[in-house]
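Asks: This is the content of final.txt (compact mmCIF, N, CA, C and O atoms):
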```txt
# COMPACT_ATOMS: atom_id res chain seq x y z
N MET T 7 83.42 106.31 84.19
CA MET T 7 84.85 106.16 84.38
C MET T 7 85.35 107.28 85.28
O MET T 7 85.02 108.43 85.09
N ALA T 8 86.15 106.91 86.26
CA ALA T 8 86.66 107.88 87.22
C ALA T 8 87.73 108.75 86.56
O ALA T 8 88.56 108.28 85.79
N LEU T 9 87.68 110.03 86.90
CA LEU T 9 88.67 110.96 86.37
C LEU T 9 90.04 110.72 86.99
O LEU T 9 91.06 110.74 86.32
N PHE T 10 90.04 110.50 88.31
CA PHE T 10 91.29 110.23 89.01
C PHE T 10 91.24 108.81 89.56
O PHE T 10 90.38 108.48 90.36
N LYS T 11 92.16 108.01 89.13
CA LYS T 11 92.21 106.63 89.57
C LYS T 11 93.24 106.49 90.68
O LYS T 11 94.38 106.92 90.54
N LYS T 12 92.83 105.91 91.80
CA LYS T 12 93.74 105.69 92.92
C LYS T 12 94.63 104.49 92.60
O LYS T 12 94.13 103.40 92.34
N ARG T 13 95.95 104.72 92.59
CA ARG T 13 96.88 103.65 92.27
C ARG T 13 97.82 103.41 93.44
O ARG T 13 98.11 104.31 94.20
N THR T 14 98.30 102.18 93.54
CA THR T 14 99.30 101.88 94.55
C THR T 14 100.66 102.33 94.03
O THR T 14 100.85 102.53 92.84
N VAL T 15 101.61 102.52 94.92
CA VAL T 15 102.94 102.97 94.55
C VAL T 15 103.85 101.77 94.38
O VAL T 15 103.82 100.85 95.17
N GLY T 16 104.65 101.76 93.37
CA GLY T 16 105.56 100.67 93.09
C GLY T 16 105.62 100.44 91.60
O GLY T 16 104.87 101.04 90.84
N LYS T 17 106.53 99.58 91.18
CA LYS T 17 106.63 99.29 89.75
C LYS T 17 107.13 97.87 89.55
O LYS T 17 107.74 97.28 90.44
N PRO T 18 106.88 97.31 88.38
CA PRO T 18 107.37 95.96 88.10
C PRO T 18 108.89 95.90 88.26
O PRO T 18 109.60 96.85 87.97
N GLY T 19 109.38 94.77 88.74
CA GLY T 19 110.80 94.60 89.01
C GLY T 19 111.16 94.89 90.45
O GLY T 19 112.26 94.58 90.90
N GLU T 20 110.23 95.48 91.19
CA GLU T 20 110.40 95.68 92.63
C GLU T 20 109.58 94.61 93.32
O GLU T 20 108.45 94.32 92.94
N TRP T 21 110.16 94.02 94.35
CA TRP T 21 109.52 92.92 95.06
C TRP T 21 109.12 93.37 96.46
O TRP T 21 109.84 94.10 97.12
N TYR T 22 107.97 92.91 96.89
CA TYR T 22 107.41 93.29 98.19
C TYR T 22 106.93 92.04 98.92
O TYR T 22 106.63 91.02 98.30
N TYR T 23 106.81 92.17 100.23
CA TYR T 23 106.18 91.11 101.02
C TYR T 23 104.87 91.69 101.53
O TYR T 23 104.87 92.69 102.26
N CYS T 24 103.75 91.09 101.16
CA CYS T 24 102.44 91.56 101.59
C CYS T 24 102.12 91.00 102.97
O CYS T 24 102.08 89.78 103.16
N LEU T 25 101.90 91.90 103.91
CA LEU T 25 101.59 91.49 105.28
C LEU T 25 100.18 90.92 105.40
O LEU T 25 99.92 90.08 106.25
N GLU T 26 99.28 91.37 104.56
CA GLU T 26 97.89 90.89 104.61
C GLU T 26 97.76 89.49 104.02
O GLU T 26 97.13 88.61 104.60
N HIS T 27 98.35 89.27 102.86
CA HIS T 27 98.23 87.98 102.17
C HIS T 27 99.37 87.02 102.49
O HIS T 27 99.33 85.87 102.07
N LYS T 28 100.41 87.54 103.18
CA LYS T 28 101.57 86.73 103.57
C LYS T 28 102.21 86.05 102.37
O LYS T 28 102.46 84.85 102.36
N LYS T 29 102.49 86.89 101.35
CA LYS T 29 103.12 86.36 100.14
C LYS T 29 103.97 87.43 99.47
O LYS T 29 103.82 88.62 99.72
N VAL T 30 104.88 86.97 98.63
CA VAL T 30 105.74 87.86 97.85
C VAL T 30 104.96 88.34 96.64
O VAL T 30 104.26 87.56 95.99
N GLU T 31 105.10 89.64 96.35
CA GLU T 31 104.40 90.23 95.20
C GLU T 31 105.37 91.09 94.40
O GLU T 31 106.27 91.71 94.96
N GLU T 32 105.18 91.12 93.10
CA GLU T 32 105.99 91.99 92.25
C GLU T 32 105.18 93.22 91.90
O GLU T 32 104.03 93.13 91.47
N GLY T 33 105.80 94.38 92.09
CA GLY T 33 105.15 95.63 91.71
C GLY T 33 104.00 96.00 92.63
O GLY T 33 103.88 95.49 93.74
N PRO T 34 103.14 96.88 92.15
CA PRO T 34 102.08 97.44 93.00
C PRO T 34 100.80 96.60 93.05
O PRO T 34 99.80 96.93 92.45
N GLU T 35 100.84 95.49 93.77
CA GLU T 35 99.63 94.68 93.89
C GLU T 35 98.76 95.12 95.06
O GLU T 35 97.55 95.24 94.91
N CYS T 36 99.35 95.32 96.22
CA CYS T 36 98.59 95.69 97.42
C CYS T 36 98.99 97.09 97.88
O CYS T 36 100.06 97.58 97.52
N PRO T 37 98.14 97.74 98.67
CA PRO T 37 98.48 99.07 99.17
C PRO T 37 99.78 99.07 99.97
O PRO T 37 100.12 98.09 100.64
N ALA T 38 100.49 100.17 99.92
CA ALA T 38 101.78 100.29 100.60
C ALA T 38 101.68 100.03 102.09
O ALA T 38 102.61 99.52 102.70
N LYS T 39 100.55 100.37 102.71
CA LYS T 39 100.39 100.17 104.15
C LYS T 39 100.41 98.70 104.53
O LYS T 39 100.59 98.36 105.69
N ASN T 40 100.23 97.81 103.56
CA ASN T 40 100.17 96.37 103.84
C ASN T 40 101.40 95.61 103.38
O ASN T 40 101.35 94.39 103.26
N ARG T 41 102.50 96.31 103.09
CA ARG T 41 103.64 95.57 102.56
C ARG T 41 104.97 96.12 103.04
O ARG T 41 105.09 97.27 103.44
N PHE T 42 105.99 95.24 103.01
CA PHE T 42 107.37 95.61 103.26
C PHE T 42 108.07 95.64 101.91
O PHE T 42 107.81 94.82 101.04
N GLY T 43 109.00 96.56 101.75
CA GLY T 43 109.78 96.58 100.52
C GLY T 43 109.96 97.99 100.02
O GLY T 43 109.59 98.95 100.70
N PRO T 44 110.55 98.17 98.89
CA PRO T 44 110.86 97.15 97.89
C PRO T 44 112.17 96.42 98.18
O PRO T 44 113.06 96.93 98.83
N TYR T 45 112.25 95.21 97.64
CA TYR T 45 113.43 94.38 97.71
C TYR T 45 113.91 94.13 96.28
O TYR T 45 113.13 94.18 95.34
N ALA T 46 115.20 93.82 96.14
CA ALA T 46 115.78 93.61 94.82
C ALA T 46 115.39 92.27 94.20
O ALA T 46 115.33 92.15 92.98
N THR T 47 115.13 91.28 95.06
CA THR T 47 114.81 89.94 94.54
C THR T 47 113.62 89.36 95.30
O THR T 47 113.32 89.77 96.42
N PRO T 48 112.96 88.39 94.69
CA PRO T 48 111.86 87.72 95.40
C PRO T 48 112.34 86.99 96.64
O PRO T 48 111.61 86.88 97.62
N GLU T 49 113.58 86.50 96.62
CA GLU T 49 114.13 85.79 97.78
C GLU T 49 114.27 86.73 98.97
O GLU T 49 113.96 86.35 100.11
N GLU T 50 114.76 87.95 98.72
CA GLU T 50 114.87 88.93 99.79
C GLU T 50 113.49 89.27 100.35
O GLU T 50 113.32 89.38 101.56
N ALA T 51 112.52 89.42 99.48
CA ALA T 51 111.16 89.74 99.92
C ALA T 51 110.58 88.59 100.74
O ALA T 51 109.86 88.82 101.72
N ALA T 52 110.90 87.36 100.37
CA ALA T 52 110.39 86.19 101.09
C ALA T 52 110.89 86.16 102.53
O ALA T 52 110.25 85.58 103.40
N HIS T 53 112.04 86.78 102.78
CA HIS T 53 112.63 86.79 104.12
C HIS T 53 112.38 88.11 104.84
O HIS T 53 113.05 88.42 105.83
N ALA T 54 111.39 88.87 104.39
CA ALA T 54 111.11 90.19 104.96
C ALA T 54 110.78 90.13 106.45
O ALA T 54 111.24 90.99 107.22
N MET T 55 110.03 89.15 106.87
CA MET T 55 109.66 89.07 108.28
C MET T 55 110.88 88.76 109.16
O MET T 55 111.02 89.33 110.24
N GLU T 56 111.76 87.90 108.69
CA GLU T 56 112.98 87.60 109.44
C GLU T 56 113.88 88.84 109.52
O GLU T 56 114.46 89.14 110.56
N THR T 57 113.98 89.55 108.39
CA THR T 57 114.78 90.77 108.36
C THR T 57 114.24 91.80 109.34
O THR T 57 114.99 92.42 110.10
N ALA T 58 112.93 91.96 109.36
CA ALA T 58 112.30 92.92 110.28
C ALA T 58 112.53 92.50 111.73
O ALA T 58 112.84 93.34 112.58
N LYS T 59 112.43 91.21 112.01
CA LYS T 59 112.64 90.72 113.37
C LYS T 59 114.07 90.98 113.83
O LYS T 59 114.31 91.44 114.94
N GLU T 60 115.05 90.73 112.94
CA GLU T 60 116.45 90.99 113.26
C GLU T 60 116.70 92.47 113.50
O GLU T 60 117.39 92.84 114.45
N ARG T 61 116.13 93.32 112.66
CA ARG T 61 116.33 94.77 112.82
C ARG T 61 115.66 95.27 114.10
O ARG T 61 116.21 96.15 114.78
N ASN T 62 114.51 94.75 114.42
CA ASN T 62 113.85 95.15 115.67
C ASN T 62 114.68 94.76 116.88
O ASN T 62 114.82 95.54 117.82
N LEU T 63 115.25 93.56 116.86
CA LEU T 63 116.08 93.10 117.96
C LEU T 63 117.33 93.98 118.10
O LEU T 63 117.70 94.37 119.20
N GLU T 64 117.94 94.33 116.97
CA GLU T 64 119.11 95.22 117.00
C GLU T 64 118.72 96.57 117.62
O GLU T 64 119.46 97.12 118.43
N TRP T 65 117.58 97.09 117.23
CA TRP T 65 117.14 98.38 117.75
C TRP T 65 116.84 98.30 119.24
O TRP T 65 117.24 99.17 120.01
N GLU T 66 116.17 97.25 119.66
CA GLU T 66 115.80 97.10 121.07
C GLU T 66 117.01 96.94 121.98
O GLU T 66 116.96 97.31 123.15
N THR T 67 118.10 96.40 121.46
CA THR T 67 119.28 96.17 122.28
C THR T 67 120.37 97.22 122.05
O THR T 67 121.44 97.12 122.64
N ASP T 68 120.10 98.22 121.23
CA ASP T 68 121.08 99.27 120.96
C ASP T 68 120.99 100.35 122.03
O ASP T 68 119.97 101.03 122.14
N PRO T 69 122.03 100.53 122.85
CA PRO T 69 121.96 101.52 123.94
C PRO T 69 121.82 102.96 123.44
O PRO T 69 121.34 103.81 124.17
N ARG T 70 122.18 103.23 122.20
CA ARG T 70 122.03 104.59 121.67
C ARG T 70 120.58 105.00 121.52
O ARG T 70 120.27 106.18 121.44
N TRP T 71 119.66 104.04 121.47
CA TRP T 71 118.25 104.34 121.26
C TRP T 71 117.46 104.39 122.55
O TRP T 71 116.26 104.59 122.53
N HIS T 72 118.10 104.16 123.67
CA HIS T 72 117.39 104.13 124.94
C HIS T 72 117.93 105.20 125.87
O HIS T 72 119.10 105.17 126.25
N ASP T 73 117.08 106.16 126.23
CA ASP T 73 117.46 107.21 127.15
C ASP T 73 117.51 106.66 128.57
O ASP T 73 116.80 105.72 128.91
N LYS T 74 118.32 107.29 129.39
CA LYS T 74 118.34 106.92 130.81
C LYS T 74 117.05 107.42 131.45
O LYS T 74 116.53 108.46 131.05
N PRO T 75 116.51 106.71 132.42
CA PRO T 75 115.30 107.19 133.10
C PRO T 75 115.55 108.57 133.71
O PRO T 75 116.65 108.87 134.15
N SER T 76 114.53 109.42 133.70
CA SER T 76 114.68 110.77 134.23
C SER T 76 115.06 110.71 135.70
O SER T 76 114.59 109.86 136.45
N GLY T 77 115.95 111.61 136.11
CA GLY T 77 116.40 111.65 137.49
C GLY T 77 117.61 110.79 137.76
O GLY T 77 118.18 110.83 138.83
N GLU T 78 118.04 109.99 136.78
CA GLU T 78 119.21 109.14 136.98
C GLU T 78 120.46 109.98 136.78
O GLU T 78 120.58 110.77 135.86
N ASP T 79 121.41 109.81 137.68
CA ASP T 79 122.67 110.55 137.63
C ASP T 79 123.53 109.99 136.50
O ASP T 79 123.86 108.80 136.51
N PRO T 80 123.88 110.81 135.49
CA PRO T 80 124.67 110.30 134.37
C PRO T 80 126.07 109.83 134.77
O PRO T 80 126.68 109.04 134.09
N SER T 81 126.59 110.27 135.93
CA SER T 81 127.92 109.84 136.36
C SER T 81 127.89 108.44 136.94
O SER T 81 128.93 107.81 137.12
N GLY T 82 126.69 107.98 137.31
CA GLY T 82 126.55 106.63 137.86
C GLY T 82 126.86 106.55 139.34
O GLY T 82 126.96 105.48 139.91
N SER T 83 127.03 107.72 140.01
CA SER T 83 127.39 107.70 141.42
C SER T 83 126.18 107.44 142.32
O SER T 83 126.34 107.16 143.49
N GLY T 84 124.97 107.58 141.76
CA GLY T 84 123.78 107.33 142.56
C GLY T 84 123.34 108.52 143.39
O GLY T 84 122.44 108.41 144.19
N GLN T 85 123.99 109.67 143.25
CA GLN T 85 123.62 110.85 144.00
C GLN T 85 122.97 111.88 143.09
O GLN T 85 123.32 111.99 141.92
N ASP T 86 122.02 112.62 143.64
CA ASP T 86 121.39 113.72 142.91
C ASP T 86 122.38 114.85 142.73
O ASP T 86 123.29 115.02 143.52
N ARG T 87 122.17 115.66 141.72
CA ARG T 87 123.01 116.83 141.52
C ARG T 87 122.78 117.87 142.61
O ARG T 87 123.66 118.64 142.92
N ASP T 88 121.57 117.91 143.15
CA ASP T 88 121.22 118.93 144.14
C ASP T 88 121.67 118.56 145.56
O ASP T 88 121.53 119.33 146.47
N GLY T 89 122.17 117.41 145.78
CA GLY T 89 122.53 117.10 147.16
C GLY T 89 122.99 115.77 147.33
O GLY T 89 123.62 115.00 147.59
```
Please render this file's structure as C-alpha cells.
Replies:
Amino acid sequence: MALFKKRTVGKPGEWYYCLEHKKVEEGPECPAKNRFGPYATPEEAAHAMETAKERNLEWETDPRWHDKPSGEDPSGSGQDRDG
C-alpha cells in the first residue's frame, strides 16, 4: 500500500467537463489538466466548450488585449517620433 496516494483535486457537488472523455463528470474523476470547471450544475458543465469558445472570441476581439505593433505611432499620424 502506498504511503502517499496521488489524488485529483475536486469534490462531489462540483461539475466538470472532461476534455479527454468529452463528458460531464461530478467531483474528481479525471486529472485537472483534462477538464474545465468547476461548474455549479451539470448543465453548465455540458456547455463548457461553447462557453470557452465564446470567451476566446471575446478575448481575441478585445482591443485591450492586443498591443500595437512595435514602431507604430500611437497618435496615428503615420510619422516616426524621430523625424
Asks: Using all atoms listed in the file for the distances, tell me which of T:Lys29, T:Arg61, T:Trp71, T:Gly19 is nearest to T:Arg41.
Replies: T:Lys29
Asks: Could you work out how far atom C of T:Glu64 lies from atom O of T:Thr47, giving the answer in Å with one decimal?
Replies: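 Computing the Euclidean distance for atom O of T:Thr47 and atom C of T:Glu64 yields 22.9 Å.
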Asks: Fewer than 2 positions away in the same chain doesn't count, so skip those; otherwise give me all residues within 5 Å of T:Pro44, counting all atoms listed in the file, as a list in words.
Replies: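 These residues fall inside the cut-off: Trp21, Phe42 and Ala46 of chain T.
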Asks: Which residues are near stretch 53-57 of chain T? Cut-off 8 Å, only C-alpha atoms, ignore same chain within fewer than 2 positions. Put them as an MDAnalysis selection string.
Replies: chainID T and resid 23 42:43 49:51 59:61
